Amino acid sequence: MVDMMKKVLEAMQRRMIRLQIGADGPVIWGRTRFGGQPDVPADFQWPTYVTDTAYDETVKPRPLAFLAQIDCGALACMDPEGLLPRRGLLSFFYEMDSARWGYDPADSGSARVYWFEAGQPLHPAAFPAELEEEFRLPRLPVQAGPGVSFAAWEDFLQIRSDVPLMEPYEHAYEAMGGSGNCTKLLGWPDVLQDNMTLPCELVSAGYNLTGLEEIPEELVRRKSAEALQHWRLLFQLNGFSAGDFDLDFGETGALYFYIRTEDLRARRFDRVWAILQCD
C-alpha cells in the first residue's frame with residue numbers, strides 16, 4: 001500500500017523554489033530579497049488597507065508592509081515550467097497590523113502582489129510616514145534552490161477521496177521527503193489547518209467563511225474539486241528568525257499567497273488571494 005501511495009504522490013508532485021531568508025551565502029539572485037525598501041517605478045502608489053486593529057479601533061487606511069521581492073529573471077532557471085514571469089520583479093505586501101486571515105470577502109486588499117516588468121527604471125521607495133516602525137521589515141538576503149513538493153493530506157483528499165487511509169499516505173509522504181515545510185515559491189503548500197483552495201474560491205467569489213454566513217453544502221461539494229484545479233500556491237512565507245529579528249504569524253503560522261492558474265499565466269497578480277494559517 002505504501003509503495004502504491006508513493007507512486008500516486010510522485011505523479012502529483014510539483015516543482016518549487018525553496019527560499020531561505022537571512023541565510024549566509026553568495027547573493028546571486030539579482031534583486032531578490034526580504035524586506036527593506038521595495039524597488040518600484042516612479043509612479044508607484046504604496047498600497048493601503050482600510051481597517052481597525054486589535055489595538056486600535058480607528059478604521060483608517062493603513063499602509064501594507066513590504067514583505068519580499070523576487071527577481072524573476074534570476075530565478076527563471078528553477079522554474080522549468082515557466083509559471084512565473086521570465087523577467088521583472090514580483091513584490092509582495094501584507095497589512096501586518098490587522099493580520100487578516102483571508103476568510104472574509106472584506107479581507108480583499110489586505111494583501112497585494114505587484115509585477116514590475118523588466119525594462120522600466122526602478123528605485124527604492126521611501127516608507128510611508130504612517131507605516132509603523134515594527135512593520136518596516138529589515139532588508140535580508142535570500143538564498144534560493146530548486147526542489148519538489150508533495151500534496152499535504154488536506155489537499156491530497158481533495159483529489160483522491162477514493163484513498164481514505166491516512167497511515168499509508170503519511171508513511172509514503174515521509175519517505176519521499178514531504179515538502180520540507182519551508183518558505184517557497186510555487187509547489188504544494190505546507191498546510192497547517194485545512195485545504196486553502198476552496199476558501200480562495202469561495203471567499204473571492206463573495207462568500208463569508210467566518211461563520212457569519214451559511215454556505216450551501218451542494219455549493220461546497222461542487223466547488224471543492226474544481227478549486228484545487230484552478231488555484232495554486234504562488235508564495236508561502238513561514239515565520240523565521242534572523243539575528244535580532246523575528247517574523248511570526250501566530251507563533252507557528254505561515255502566510256500563503258494563492259492565484260488562479262489562468263491569472264498566473266496572464267500575469268494578473270492583482271487577483272491574488274492571501275490566507276493566514278497557524279497551528
# chains A, B, ... in the order shown; residues from 1 in each chain; ligands from 1
call {"tool": "select_by_dssp", "arguments": {"residues": "range 20-205 of chain A", "states": "strand (DSSP E or B)", "output": "PyMOL selection string"}}
result
chain A and resi 20-21+33-34+39-40+48-51+60-63+65-71+89-94+111-116+123-124+140+142-149+184-186
call {"tool": "residues_around", "arguments": {"residues": "Pro168 in chain A", "least_positions_apart": "5", "cutoff": "12 Å", "atoms": "only C-alpha atoms", "output": "list in words"}}
result
Met1, Val2, Asp3, Met4, Met5, Lys6, Lys7, Val8, Leu9, Trp153, Val163, Tyr173, Glu174 and Ala175 of chain A
call {"tool": "closest_atom_pairs", "arguments": {"of": "range 191-271 of chain A", "to": "range 88-92 of chain A", "cutoff": "12 Å", "atoms": "only C-alpha atoms", "output": "tab-separated table"}}
result
residue	atom	partner	partner_atom	distance
A:Leu234	CA	A:Phe92	CA	10.6
A:Phe235	CA	A:Phe92	CA	8.9
A:Gln236	CA	A:Phe92	CA	10.8
A:Leu237	CA	A:Phe92	CA	10.2
A:Leu255	CA	A:Phe92	CA	11.0
A:Tyr256	CA	A:Phe92	CA	10.9
A:Phe257	CA	A:Phe92	CA	8.8
A:Tyr258	CA	A:Phe92	CA	11.9
A:Leu264	CA	A:Leu90	CA	11.8
A:Arg267	CA	A:Leu90	CA	10.3
A:Arg268	CA	A:Leu90	CA	11.6
A:Phe269	CA	A:Leu90	CA	8.9
A:Asp270	CA	A:Phe92	CA	10.9
call {"tool": "select_by_dssp", "arguments": {"residues": "range 14-207 of chain A", "states": "alpha helix (DSSP H)", "output": "tab-separated table (two decimals) with all heavy atoms, in the first residue's frame"}}
result
chain	number	residue	atom	x	y	z
A	72	CYS	N	12.48	37.68	-11.01
A	72	CYS	CA	12.02	36.54	-11.79
A	72	CYS	C	13.09	36.04	-12.77
A	72	CYS	O	13.24	34.84	-12.98
A	72	CYS	CB	10.75	36.91	-12.55
A	72	CYS	SG	9.36	37.34	-11.48
A	73	GLY	N	13.83	36.97	-13.37
A	73	GLY	CA	14.86	36.56	-14.32
A	73	GLY	C	15.95	35.75	-13.66
A	73	GLY	O	16.46	34.78	-14.23
A	74	ALA	N	16.33	36.12	-12.45
A	74	ALA	CA	17.41	35.43	-11.74
A	74	ALA	C	17.00	34.04	-11.29
A	74	ALA	O	17.85	33.16	-11.12
A	74	ALA	CB	17.87	36.26	-10.55
A	75	LEU	N	15.69	33.83	-11.09
A	75	LEU	CA	15.22	32.53	-10.61
A	75	LEU	C	14.56	31.68	-11.71
A	75	LEU	O	14.07	30.59	-11.44
A	75	LEU	CB	14.23	32.71	-9.47
A	75	LEU	CG	14.81	32.80	-8.05
A	75	LEU	CD1	15.78	33.96	-7.92
A	75	LEU	CD2	13.72	32.88	-7.00
A	153	TRP	N	-1.90	16.13	3.25
A	153	TRP	CA	-3.08	15.27	3.36
A	153	TRP	C	-4.37	16.02	3.04
A	153	TRP	O	-5.25	15.50	2.34
A	153	TRP	CB	-3.14	14.67	4.76
A	153	TRP	CG	-4.36	13.86	5.05
A	153	TRP	CD1	-5.37	14.17	5.91
A	153	TRP	CD2	-4.70	12.58	4.50
A	153	TRP	NE1	-6.31	13.17	5.93
A	153	TRP	CE2	-5.92	12.17	5.08
A	153	TRP	CE3	-4.08	11.73	3.58
A	153	TRP	CZ2	-6.54	10.97	4.75
A	153	TRP	CZ3	-4.70	10.52	3.26
A	153	TRP	CH2	-5.91	10.16	3.84
A	154	GLU	N	-4.47	17.26	3.52
A	154	GLU	CA	-5.70	18.03	3.32
A	154	GLU	C	-5.94	18.33	1.84
A	154	GLU	O	-7.09	18.40	1.40
A	154	GLU	CB	-5.62	19.33	4.12
A	154	GLU	CG	-5.60	19.13	5.62
A	154	GLU	CD	-4.22	18.77	6.17
A	154	GLU	OE1	-3.25	18.70	5.38
A	154	GLU	OE2	-4.11	18.56	7.39
A	155	ASP	N	-4.87	18.53	1.07
A	155	ASP	CA	-5.01	18.74	-0.37
A	155	ASP	C	-5.16	17.41	-1.11
A	155	ASP	O	-5.91	17.31	-2.09
A	155	ASP	CB	-3.79	19.49	-0.92
A	155	ASP	CG	-3.79	20.96	-0.53
A	155	ASP	OD1	-4.87	21.49	-0.19
A	155	ASP	OD2	-2.72	21.59	-0.56
A	156	PHE	N	-4.44	16.42	-0.64
A	156	PHE	CA	-4.48	15.10	-1.27
A	156	PHE	C	-5.91	14.56	-1.30
A	156	PHE	O	-6.36	14.00	-2.30
A	156	PHE	CB	-3.57	14.14	-0.50
A	156	PHE	CG	-3.51	12.74	-1.06
A	156	PHE	CD1	-2.69	12.44	-2.13
A	156	PHE	CD2	-4.28	11.73	-0.49
A	156	PHE	CE1	-2.63	11.14	-2.64
A	156	PHE	CE2	-4.22	10.45	-0.99
A	156	PHE	CZ	-3.40	10.15	-2.07
A	157	LEU	N	-6.64	14.73	-0.20
A	157	LEU	CA	-8.01	14.23	-0.11
A	157	LEU	C	-8.94	14.91	-1.09
A	157	LEU	O	-9.95	14.33	-1.50
A	157	LEU	CB	-8.54	14.40	1.31
A	157	LEU	CG	-8.21	13.32	2.33
A	157	LEU	CD1	-8.85	13.63	3.66
A	157	LEU	CD2	-8.64	11.95	1.83
A	158	GLN	N	-8.63	16.14	-1.47
A	158	GLN	CA	-9.48	16.84	-2.43
A	158	GLN	C	-9.40	16.19	-3.81
A	158	GLN	O	-10.35	16.26	-4.60
A	158	GLN	CB	-9.06	18.31	-2.55
A	158	GLN	CG	-9.13	19.10	-1.27
A	158	GLN	CD	-10.53	19.24	-0.74
A	158	GLN	OE1	-11.45	19.57	-1.47
A	158	GLN	NE2	-10.71	18.97	0.54
A	159	ILE	N	-8.26	15.54	-4.09
A	159	ILE	CA	-8.06	14.90	-5.39
A	159	ILE	C	-8.36	13.41	-5.33
A	159	ILE	O	-9.00	12.86	-6.23
A	159	ILE	CB	-6.60	15.10	-5.86
A	159	ILE	CG1	-6.29	16.59	-5.97
A	159	ILE	CG2	-6.35	14.40	-7.19
A	159	ILE	CD1	-4.85	16.87	-6.30
A	166	MET	N	-5.16	7.25	5.92
A	166	MET	CA	-4.16	8.26	6.20
A	166	MET	C	-2.79	7.66	6.51
A	166	MET	O	-1.75	8.23	6.13
A	166	MET	CB	-4.62	9.14	7.36
A	166	MET	CG	-3.73	10.36	7.60
A	166	MET	SD	-4.42	11.43	8.87
A	166	MET	CE	-3.32	12.84	8.76
A	167	GLU	N	-2.75	6.50	7.17
A	167	GLU	CA	-1.46	5.94	7.59
A	167	GLU	C	-0.54	5.61	6.42
A	167	GLU	O	0.63	6.01	6.43
A	167	GLU	CB	-1.69	4.71	8.46
A	167	GLU	CG	-0.39	4.17	9.06
A	167	GLU	CD	-0.62	3.03	10.03
A	167	GLU	OE1	-1.81	2.75	10.33
A	167	GLU	OE2	0.36	2.41	10.47
A	168	PRO	N	-1.00	4.92	5.36
A	168	PRO	CA	-0.12	4.67	4.22
A	168	PRO	C	0.35	5.97	3.56
A	168	PRO	O	1.50	6.08	3.13
A	168	PRO	CB	-0.97	3.84	3.26
A	168	PRO	CG	-2.02	3.23	4.12
A	168	PRO	CD	-2.29	4.23	5.19
A	169	TYR	N	-0.57	6.93	3.50
A	169	TYR	CA	-0.18	8.23	2.94
A	169	TYR	C	0.95	8.85	3.75
A	169	TYR	O	1.94	9.33	3.19
A	169	TYR	CB	-1.38	9.18	2.91
A	169	TYR	CG	-0.98	10.62	2.76
A	169	TYR	CD1	-0.75	11.18	1.51
A	169	TYR	CD2	-0.76	11.43	3.90
A	169	TYR	CE1	-0.33	12.49	1.38
A	169	TYR	CE2	-0.33	12.73	3.77
A	169	TYR	CZ	-0.12	13.27	2.51
A	169	TYR	OH	0.31	14.56	2.40
A	170	GLU	N	0.82	8.87	5.07
A	170	GLU	CA	1.83	9.50	5.92
A	170	GLU	C	3.19	8.83	5.76
A	170	GLU	O	4.22	9.50	5.70
A	170	GLU	CB	1.39	9.48	7.38
A	170	GLU	CG	0.24	10.43	7.69
A	170	GLU	CD	-0.14	10.42	9.15
A	170	GLU	OE1	0.02	9.36	9.79
A	170	GLU	OE2	-0.61	11.47	9.65
A	171	HIS	N	3.20	7.50	5.68
A	171	HIS	CA	4.46	6.78	5.51
A	171	HIS	C	5.09	7.13	4.16
A	171	HIS	O	6.30	7.35	4.06
A	171	HIS	CB	4.23	5.28	5.62
A	171	HIS	CG	3.97	4.80	7.02
A	171	HIS	ND1	4.81	5.09	8.08
A	171	HIS	CD2	2.97	4.04	7.54
A	171	HIS	CE1	4.34	4.54	9.19
A	171	HIS	NE2	3.21	3.91	8.89
A	172	ALA	N	4.28	7.17	3.12
A	172	ALA	CA	4.78	7.49	1.79
A	172	ALA	C	5.27	8.94	1.72
A	172	ALA	O	6.33	9.22	1.16
A	172	ALA	CB	3.69	7.25	0.74
A	173	TYR	N	4.50	9.84	2.32
A	173	TYR	CA	4.85	11.26	2.32
A	173	TYR	C	6.18	11.49	3.02
A	173	TYR	O	7.06	12.20	2.52
A	173	TYR	CB	3.73	12.03	3.02
A	173	TYR	CG	3.86	13.55	3.00
A	173	TYR	CD1	3.47	14.28	1.87
A	173	TYR	CD2	4.35	14.24	4.10
A	173	TYR	CE1	3.56	15.66	1.86
A	173	TYR	CE2	4.45	15.62	4.09
A	173	TYR	CZ	4.04	16.33	2.97
A	173	TYR	OH	4.15	17.70	2.97
A	174	GLU	N	6.35	10.84	4.17
A	174	GLU	CA	7.60	10.98	4.92
A	174	GLU	C	8.77	10.37	4.16
A	174	GLU	O	9.86	10.94	4.11
A	174	GLU	CB	7.45	10.32	6.28
A	174	GLU	CG	8.68	10.48	7.17
A	174	GLU	CD	8.50	9.86	8.54
A	174	GLU	OE1	7.36	9.46	8.86
A	174	GLU	OE2	9.49	9.77	9.28
A	175	ALA	N	8.55	9.22	3.54
A	175	ALA	CA	9.61	8.54	2.81
A	175	ALA	C	10.09	9.36	1.61
A	175	ALA	O	11.26	9.30	1.23
A	175	ALA	CB	9.13	7.18	2.35
A	197	THR	N	-7.53	25.99	-1.02
A	197	THR	CA	-8.00	26.36	-2.36
A	197	THR	C	-9.52	26.60	-2.36
A	197	THR	O	-10.00	27.51	-3.06
A	197	THR	CB	-7.65	25.28	-3.39
A	197	THR	OG1	-8.19	24.01	-2.99
A	197	THR	CG2	-6.14	25.16	-3.55
A	198	LEU	N	-10.26	25.81	-1.60
A	198	LEU	CA	-11.71	26.02	-1.53
A	198	LEU	C	-12.05	27.36	-0.90
A	198	LEU	O	-12.88	28.11	-1.44
A	198	LEU	CB	-12.38	24.87	-0.78
A	198	LEU	CG	-13.90	24.97	-0.65
A	198	LEU	CD1	-14.56	25.04	-2.01
A	198	LEU	CD2	-14.45	23.78	0.16
A	199	PRO	N	-11.44	27.74	0.23
A	199	PRO	CA	-11.68	29.09	0.75
A	199	PRO	C	-11.33	30.19	-0.26
A	199	PRO	O	-12.06	31.18	-0.38
A	199	PRO	CB	-10.78	29.16	1.98
A	199	PRO	CG	-10.69	27.76	2.45
A	199	PRO	CD	-10.66	26.93	1.20
A	200	CYS	N	-10.23	30.02	-0.99
A	200	CYS	CA	-9.88	31.02	-2.00
A	200	CYS	C	-10.99	31.17	-3.03
A	200	CYS	O	-11.37	32.28	-3.41
A	200	CYS	CB	-8.58	30.63	-2.70
A	200	CYS	SG	-7.08	30.88	-1.74
A	201	GLU	N	-11.52	30.04	-3.49
A	201	GLU	CA	-12.59	30.05	-4.49
A	201	GLU	C	-13.85	30.70	-3.95
A	201	GLU	O	-14.46	31.56	-4.61
A	201	GLU	CB	-12.88	28.61	-4.92
A	201	GLU	CG	-14.00	28.46	-5.93
A	201	GLU	CD	-13.61	28.86	-7.34
A	201	GLU	OE1	-12.41	29.07	-7.60
A	201	GLU	OE2	-14.52	28.99	-8.18
A	202	LEU	N	-14.24	30.33	-2.73
A	202	LEU	CA	-15.50	30.81	-2.18
A	202	LEU	C	-15.42	32.27	-1.72
A	202	LEU	O	-16.30	33.08	-2.02
A	202	LEU	CB	-15.93	29.92	-1.01
A	202	LEU	CG	-16.32	28.48	-1.36
A	202	LEU	CD1	-16.59	27.68	-0.10
A	202	LEU	CD2	-17.53	28.46	-2.29
A	203	VAL	N	-14.35	32.60	-0.99
A	203	VAL	CA	-14.26	33.95	-0.43
A	203	VAL	C	-14.06	34.98	-1.53
A	203	VAL	O	-14.67	36.06	-1.51
A	203	VAL	CB	-13.13	34.04	0.61
A	203	VAL	CG1	-13.05	35.45	1.18
A	203	VAL	CG2	-13.36	33.05	1.73
A	204	SER	N	-13.22	34.66	-2.51
A	204	SER	CA	-13.01	35.62	-3.61
A	204	SER	C	-14.28	35.81	-4.43
A	204	SER	O	-14.42	36.80	-5.14
A	204	SER	CB	-11.85	35.17	-4.50
A	204	SER	OG	-12.16	33.95	-5.16
call {"tool": "residues_around", "arguments": {"residues": "Gly102 in chain A", "least_positions_apart": "2", "cutoff": "7 Å", "atoms": "only C-alpha atoms", "output": "NGL selection string"}}
result
:A and (100 or 104 or 107 or 274-276)
call {"tool": "residues_around", "arguments": {"residues": "range 53-65 of chain A", "least_positions_apart": "6", "cutoff": "9 Å", "atoms": "only C-alpha atoms", "output": "list in words"}}
result
Gly35, Trp46, Pro47, Phe92, Phe93, Tyr94, Glu95, Met96, Asp97, Ser98, Ala99, Ser110, Ala111, Arg112, Pro128, Glu130, Leu131, Glu132, Phe135, Arg136 and Leu137 of chain A
call {"tool": "write_last_selection", "arguments": {"atoms": "N, CA, C and O atoms", "output": "compact mmCIF listing (two decimals), in the first residue's frame"}}
result
# COMPACT_ATOMS: atom_id res chain seq x y z
N GLY A 35 12.20 42.17 2.77
CA GLY A 35 12.16 43.43 3.49
C GLY A 35 12.97 44.55 2.88
O GLY A 35 13.35 44.53 1.70
N TRP A 46 2.03 53.47 -2.82
CA TRP A 46 2.15 52.46 -1.76
C TRP A 46 0.75 51.98 -1.36
O TRP A 46 -0.12 52.79 -1.06
N PRO A 47 0.50 50.65 -1.34
CA PRO A 47 -0.86 50.17 -1.06
C PRO A 47 -1.26 50.35 0.40
O PRO A 47 -0.43 50.26 1.32
N PHE A 92 5.67 41.51 -2.88
CA PHE A 92 4.59 41.04 -2.01
C PHE A 92 4.41 41.98 -0.82
O PHE A 92 5.39 42.32 -0.14
N PHE A 93 3.16 42.36 -0.57
CA PHE A 93 2.80 43.26 0.53
C PHE A 93 1.67 42.63 1.34
O PHE A 93 0.83 41.90 0.81
N TYR A 94 1.63 42.99 2.65
CA TYR A 94 0.58 42.47 3.53
C TYR A 94 0.40 43.42 4.70
O TYR A 94 1.37 43.94 5.25
N GLU A 95 -0.87 43.64 5.10
CA GLU A 95 -1.16 44.52 6.21
C GLU A 95 -1.00 43.72 7.51
O GLU A 95 -1.88 42.96 7.90
N MET A 96 0.14 43.91 8.16
CA MET A 96 0.51 43.04 9.28
C MET A 96 -0.13 43.43 10.60
O MET A 96 -0.19 42.61 11.52
N ASP A 97 -0.62 44.64 10.72
CA ASP A 97 -1.18 45.08 12.00
C ASP A 97 -2.53 44.40 12.25
O ASP A 97 -2.78 43.89 13.34
N SER A 98 -3.40 44.37 11.24
CA SER A 98 -4.69 43.70 11.40
C SER A 98 -4.58 42.20 11.14
O SER A 98 -5.39 41.43 11.63
N ALA A 99 -3.57 41.79 10.36
CA ALA A 99 -3.29 40.37 10.09
C ALA A 99 -4.57 39.61 9.72
O ALA A 99 -4.98 38.68 10.40
N SER A 110 -6.00 43.41 1.70
CA SER A 110 -5.07 43.34 2.82
C SER A 110 -3.74 42.70 2.41
O SER A 110 -2.76 42.77 3.15
N ALA A 111 -3.73 42.06 1.26
CA ALA A 111 -2.51 41.51 0.67
C ALA A 111 -2.47 41.91 -0.80
O ALA A 111 -3.51 41.84 -1.48
N ARG A 112 -1.32 42.32 -1.25
CA ARG A 112 -1.19 42.75 -2.65
C ARG A 112 0.11 42.20 -3.24
O ARG A 112 1.12 42.06 -2.54
N PRO A 128 6.15 54.91 3.83
CA PRO A 128 5.16 55.92 4.19
C PRO A 128 5.32 56.34 5.64
O PRO A 128 5.65 55.52 6.51
N GLU A 130 3.11 56.88 7.71
CA GLU A 130 2.11 56.22 8.55
C GLU A 130 2.47 54.76 8.86
O GLU A 130 1.81 54.13 9.70
N LEU A 131 3.48 54.22 8.18
CA LEU A 131 3.87 52.83 8.41
C LEU A 131 4.70 52.74 9.68
O LEU A 131 5.78 53.32 9.78
N GLU A 132 4.17 52.02 10.66
CA GLU A 132 4.85 51.94 11.95
C GLU A 132 6.20 51.24 11.82
O GLU A 132 6.40 50.39 10.96
N PHE A 135 6.72 47.51 11.36
CA PHE A 135 6.34 46.91 10.08
C PHE A 135 7.25 47.37 8.93
O PHE A 135 6.97 47.07 7.77
N ARG A 136 8.30 48.08 9.27
CA ARG A 136 9.34 48.39 8.30
C ARG A 136 10.39 47.29 8.42
O ARG A 136 11.36 47.40 9.16
N LEU A 137 10.16 46.22 7.72
CA LEU A 137 10.93 44.99 7.93
C LEU A 137 12.38 45.16 7.45
O LEU A 137 12.64 45.85 6.45
call {"tool": "residues_around", "arguments": {"residues": "Ile259 in chain A", "least_positions_apart": "5", "cutoff": "7 Å", "atoms": "only C-alpha atoms", "output": "list in words"}}
result
Trp231, Arg232, Leu233, Leu234, Leu264, Arg271, Val272 and Trp273 of chain A
call {"tool": "closest_residue", "arguments": {"among": "A:Asp244, A:Asp263, A:Asp24, A:Asp52", "to": "Val142 in chain A", "atoms": "only C-alpha atoms"}}
result
A:Asp24
call {"tool": "atom_distance", "arguments": {"atom1": "CA of Cys77 in chain A", "atom2": "CA of Arg139 in chain A"}}
result
24.3 Å
call {"tool": "closest_residue", "arguments": {"among": "A:Ala125, A:Ile215, A:Leu185, A:Cys278", "to": "Gln45 in chain A", "atoms": "only C-alpha atoms"}}
result
A:Ala125
call {"tool": "closest_residue", "arguments": {"among": "A:Trp101, A:Tyr49, A:Phe127, A:Trp115", "to": "Gly36 in chain A", "atoms": "only C-alpha atoms"}}
result
A:Phe127
call {"tool": "closest_residue", "arguments": {"among": "A:Ala42, A:Ala106, A:Met176, A:Leu186", "to": "Arg14 in chain A", "atoms": "only C-alpha atoms"}}
result
A:Leu186
